[in-house]
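Next up, input.txt (compact mmCIF, C-alpha atoms):
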```
# COMPACT_ATOMS: atom_id res chain seq x y z
CA MET A 201 -25.95 -5.52 -33.28
CA SER A 202 -26.70 -1.88 -32.45
CA VAL A 203 -23.93 0.67 -32.38
CA LYS A 204 -23.71 4.31 -31.35
CA PRO A 205 -21.05 7.02 -31.11
CA CYS A 206 -19.38 7.91 -27.84
CA ARG A 207 -20.03 11.54 -26.94
CA GLU A 208 -16.48 11.96 -25.68
CA CYS A 209 -14.15 10.08 -28.05
CA GLY A 210 -16.51 9.92 -31.03
CA ASP A 211 -15.85 6.21 -31.71
CA LEU A 212 -18.73 4.18 -33.10
CA LEU A 213 -19.07 1.26 -30.68
CA PRO A 214 -21.47 -1.59 -29.89
CA LEU A 215 -24.01 -0.77 -27.15
CA ALA A 216 -22.36 -3.36 -24.89
CA ARG A 217 -19.34 -1.00 -24.66
CA PHE A 218 -21.46 1.65 -22.88
CA PRO A 219 -22.49 1.54 -19.18
CA ARG A 220 -26.16 0.89 -18.49
CA HIS A 221 -28.47 3.86 -17.84
CA ARG A 222 -32.14 3.18 -17.08
CA SER A 223 -33.59 6.51 -18.11
CA SER A 224 -31.96 6.81 -21.55
CA ALA A 225 -33.85 5.69 -24.64
CA ASP A 226 -31.40 2.90 -25.54
CA GLY A 227 -30.66 1.97 -21.91
CA ARG A 228 -27.01 3.07 -22.16
CA THR A 229 -25.01 6.19 -21.26
CA THR A 230 -23.65 8.59 -23.87
CA ARG A 231 -19.97 7.90 -23.00
CA CYS A 232 -18.26 4.55 -23.61
CA LEU A 233 -16.81 2.50 -20.75
CA ALA A 234 -13.24 3.64 -21.44
CA CYS A 235 -14.17 7.34 -21.51
CA THR A 236 -16.32 6.96 -18.39
CA ALA A 237 -13.42 5.34 -16.51
CA ALA A 238 -10.97 8.01 -17.69
CA ARG A 239 -13.37 10.78 -16.68
CA ARG A 240 -13.83 9.28 -13.20
CA LYS A 241 -10.08 8.95 -12.78
CA ARG A 242 -9.53 12.61 -13.72
CA ALA A 243 -12.24 13.72 -11.26
CA ARG A 244 -10.81 11.71 -8.37
CA ASP A 245 -9.62 13.81 -5.44
CA PRO A 246 -6.82 12.00 -3.53
CA ALA A 247 -7.36 14.03 -0.33
CA ARG A 248 -11.07 13.24 -0.30
CA GLU A 249 -10.39 9.57 -0.96
CA ARG A 250 -7.92 9.48 1.94
CA GLU A 251 -10.57 11.04 4.20
CA ARG A 252 -13.06 8.37 3.14
CA ARG A 253 -10.52 5.58 3.67
CA LEU A 254 -9.63 6.84 7.17
CA TRP A 255 -13.30 7.03 8.14
CA ARG A 256 -14.21 3.65 6.65
CA ALA A 257 -11.23 1.77 8.11
CA TYR A 258 -10.69 3.46 11.49
CA GLY A 259 -13.67 5.76 12.16
CA ILE A 260 -11.46 8.87 12.20
CA THR A 261 -11.45 12.02 10.09
CA GLY A 262 -8.48 13.64 8.40
CA GLU A 263 -8.56 16.22 11.17
CA ASP A 264 -8.32 13.42 13.77
CA TYR A 265 -5.31 12.03 11.87
CA ARG A 266 -3.60 15.45 11.82
CA THR A 267 -4.34 15.96 15.54
CA MET A 268 -2.83 12.55 16.36
CA GLY A 269 0.22 13.31 14.22
CA ALA A 270 0.79 16.71 15.81
CA ALA A 271 0.36 15.27 19.33
CA GLN A 272 3.15 12.75 18.70
CA GLY A 273 5.39 15.25 16.87
CA TRP A 274 4.89 13.48 13.54
CA ARG A 275 7.14 10.67 14.77
CA CYS A 276 6.52 6.93 14.80
CA LEU A 277 5.43 5.82 18.29
CA VAL A 278 7.53 2.64 18.00
CA CYS A 279 10.92 3.78 16.68
CA GLY A 280 10.62 7.55 17.20
CA ASP A 281 11.73 8.44 13.67
CA ARG A 282 9.96 10.75 11.27
CA PRO A 283 8.52 9.29 8.06
CA PRO A 284 10.77 9.51 4.98
CA ILE A 285 10.33 12.53 2.73
CA GLY A 286 7.15 12.04 0.73
CA GLY A 287 6.02 9.27 3.11
CA ARG A 288 3.46 9.31 5.84
CA LEU A 289 2.66 7.57 9.07
CA VAL A 290 -0.06 4.91 9.02
CA VAL A 291 -2.82 4.40 11.56
CA ASP A 292 -2.17 1.52 13.96
CA HIS A 293 -5.34 0.07 15.48
CA ASP A 294 -6.33 -2.53 18.03
CA HIS A 295 -7.62 -5.57 16.17
CA VAL A 296 -10.03 -6.47 18.97
CA SER A 297 -11.73 -3.11 19.53
CA GLY A 298 -10.92 -1.57 16.15
CA LEU A 299 -9.89 1.67 17.86
CA PRO A 300 -6.82 3.59 16.63
CA ARG A 301 -3.79 3.47 18.94
CA GLY A 302 -1.45 5.88 17.19
CA LEU A 303 0.53 6.59 14.04
CA LEU A 304 3.49 4.41 13.02
CA HIS A 305 5.79 3.75 10.09
CA SER A 306 4.23 1.08 7.90
CA THR A 307 7.18 -1.25 8.67
CA CYS A 308 6.79 -0.79 12.45
CA ASN A 309 3.05 -1.38 12.12
CA ALA A 310 3.68 -4.52 10.05
CA ALA A 311 6.17 -5.79 12.65
CA LEU A 312 3.57 -5.47 15.40
CA GLY A 313 1.06 -7.31 13.26
CA LEU A 314 3.52 -10.10 12.44
CA LEU A 315 4.13 -10.52 16.16
CA ALA A 316 0.34 -10.83 16.62
CA ASP A 317 0.19 -7.61 18.70
CA ASN A 318 1.41 -9.78 21.59
CA PRO A 319 3.61 -7.93 24.14
CA ALA A 320 5.07 -11.23 25.42
CA VAL A 321 6.26 -12.19 21.93
CA LEU A 322 7.65 -8.69 21.41
CA GLU A 323 9.57 -8.90 24.71
CA ALA A 324 10.92 -12.33 23.76
CA ALA A 325 12.07 -10.91 20.43
CA ALA A 326 13.82 -8.03 22.24
CA VAL A 327 15.60 -10.50 24.57
CA TYR A 328 16.64 -12.58 21.57
CA LEU A 329 18.06 -9.55 19.76
CA SER A 330 19.93 -8.41 22.88
CA ARG A 331 21.41 -11.88 23.37
CA THR A 332 22.60 -12.13 19.77
CA ALA A 333 24.06 -8.60 19.97
CA ASP A 334 26.00 -9.69 23.09
CA LEU A 335 27.26 -12.83 21.28
CA ARG A 336 28.29 -10.76 18.27
CA ALA A 337 30.22 -8.41 20.55
CA GLN A 338 32.05 -11.36 22.13
CA VAL A 339 32.95 -12.86 18.77
CA HIS A 340 34.04 -9.62 17.10
CA GLY A 341 35.13 -8.15 20.40
```
Represent the structure from my file as structure tokens, please.
Amino acid sequence: MSVKPCRECGDLLPLARFPRHRSSADGRTTRCLACTAARRKRARDPARERERRLWRAYGITGEDYRTMGAAQGWRCLVCGDRPPIGGRLVVDHDHVSGLPRGLLHSTCNAALGLLADNPAVLEAAAVYLSRTADLRAQVHG
């Protein structure tokens, strides 16, 4: 079994513990798998990753997200509240067209999804809640 030292940590490891690299003499990189993963993690840019995620999932840029947020006053379009400190609004999208509809709290977005984005079901839920609120008022009246 062939071994070699990792350029970063200096450990002497089997070749299988190094990522493959076609153009190197032994077919492996100079850094072990653990050091390669740690290096990639350190180099990761959260803002850039968010941009990529927005584009991949919804076809919008970070600038589009900020424009949408500013247009709605950085408030959830369902409940009207601001996100909690350190939190952010999530992109709600139409599941048929894939187009973004607006920015919501994650819980409001999940509620719409659980109700299958169906306005009739949402209205029925609102009627149900109103009826139970009326019953509660009569009981505790």
Can you find the residues with an atom no farther than 12 Å from (7.0, 4.1, 13.8), counting only C-alpha atoms, and report them as a ChimeraX atom specification? /A:269,272-284,287-292,301-312
Hey, which of A:Asp264, A:Asp226, A:Glu249, A:Asp294 ends up closest to Gly313 of chain A? Count all atoms listed in the file. A:Asp294
What's the separation between atom CA of Pro205 of chain A and atom CA of Arg242 of chain A, in Å to one decimal place?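 It comes out at 21.6 Å.
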Which one of A:Ala243, A:Lys204, A:Cys209, A:Ile260 sits closest to Thr229 of chain A if you count only C-alpha atoms?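 Of A:Ala243, A:Lys204, A:Cys209, A:Ile260, the one nearest Thr229 of chain A is A:Lys204, counting only C-alpha atoms.
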Could you pull the residues within 10 Å of Leu233 of chain A, counting all atoms listed in the file, minus those fewer than 6 positions along the same chain, as a VMD selection string? chain A and resid 206 216 to 220 239
Quick one: pull the distance between atom CA of Gly262 of chain A and atom CA of Ile285 of chain A, Å, one decimal.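 Result for atom CA of Gly262 of chain A versus atom CA of Ile285 of chain A: 19.7 Å, one decimal.
Atom CA of Tyr265 of chain A to atom CA of Pro300 of chain A spans 9.8 Å [interatomic distance, one decimal].
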Among the residues A:Ala225, A:Thr230, A:Ala325, A:Tyr258, the one that comes closest to Ser297 of chain A [using only C-alpha atoms]: A:Tyr258
I need segment 230-243 of chain A written out with N, CA and C atoms, as an mmCIF file, in the first residue's frame; please produce it.
```cif
data_model
loop_
_atom_site.group_PDB
_atom_site.id
_atom_site.type_symbol
_atom_site.label_atom_id
_atom_site.label_comp_id
_atom_site.auth_asym_id
_atom_site.auth_seq_id
_atom_site.Cartn_x
_atom_site.Cartn_y
_atom_site.Cartn_z
ATOM 1 N N THR A 230 -2.290 16.795 -3.486
ATOM 2 C CA THR A 230 -1.248 16.894 -2.457
ATOM 3 C C THR A 230 -1.825 17.067 -1.058
ATOM 4 N N ARG A 231 -3.143 17.382 -0.965
ATOM 5 C CA ARG A 231 -3.805 17.525 0.340
ATOM 6 C C ARG A 231 -4.743 16.347 0.558
ATOM 7 N N CYS A 232 -4.803 15.856 1.798
ATOM 8 C CA CYS A 232 -5.696 14.736 2.119
ATOM 9 C C CYS A 232 -7.159 15.181 2.044
ATOM 10 N N LEU A 233 -8.062 14.222 2.082
ATOM 11 C CA LEU A 233 -9.495 14.515 1.995
ATOM 12 C C LEU A 233 -9.958 15.460 3.101
ATOM 13 N N ALA A 234 -9.501 15.214 4.333
ATOM 14 C CA ALA A 234 -9.923 16.050 5.466
ATOM 15 C C ALA A 234 -9.446 17.488 5.290
ATOM 16 N N CYS A 235 -8.199 17.668 4.884
ATOM 17 C CA CYS A 235 -7.660 19.026 4.697
ATOM 18 C C CYS A 235 -8.328 19.720 3.515
ATOM 19 N N THR A 236 -8.628 18.962 2.468
ATOM 20 C CA THR A 236 -9.321 19.531 1.306
ATOM 21 C C THR A 236 -10.705 20.020 1.708
ATOM 22 N N ALA A 237 -11.431 19.221 2.479
ATOM 23 C CA ALA A 237 -12.774 19.606 2.932
ATOM 24 C C ALA A 237 -12.712 20.831 3.837
ATOM 25 N N ALA A 238 -11.746 20.859 4.751
ATOM 26 C CA ALA A 238 -11.606 22.000 5.661
ATOM 27 C C ALA A 238 -11.256 23.268 4.886
ATOM 28 N N ARG A 239 -10.402 23.136 3.894
ATOM 29 C CA ARG A 239 -10.006 24.291 3.077
ATOM 30 C C ARG A 239 -11.200 24.836 2.298
ATOM 31 N N ARG A 240 -12.003 23.932 1.728
ATOM 32 C CA ARG A 240 -13.195 24.371 0.997
ATOM 33 C C ARG A 240 -14.188 25.065 1.922
ATOM 34 N N LYS A 241 -14.334 24.543 3.125
ATOM 35 C CA LYS A 241 -15.263 25.142 4.078
ATOM 36 C C LYS A 241 -14.820 26.547 4.465
ATOM 37 N N ARG A 242 -13.512 26.727 4.674
ATOM 38 C CA ARG A 242 -12.991 28.054 5.021
ATOM 39 C C ARG A 242 -13.182 29.052 3.880
ATOM 40 N N ALA A 243 -13.094 28.574 2.645
ATOM 41 C CA ALA A 243 -13.177 29.446 1.471
ATOM 42 C C ALA A 243 -14.615 29.773 1.081
#
```
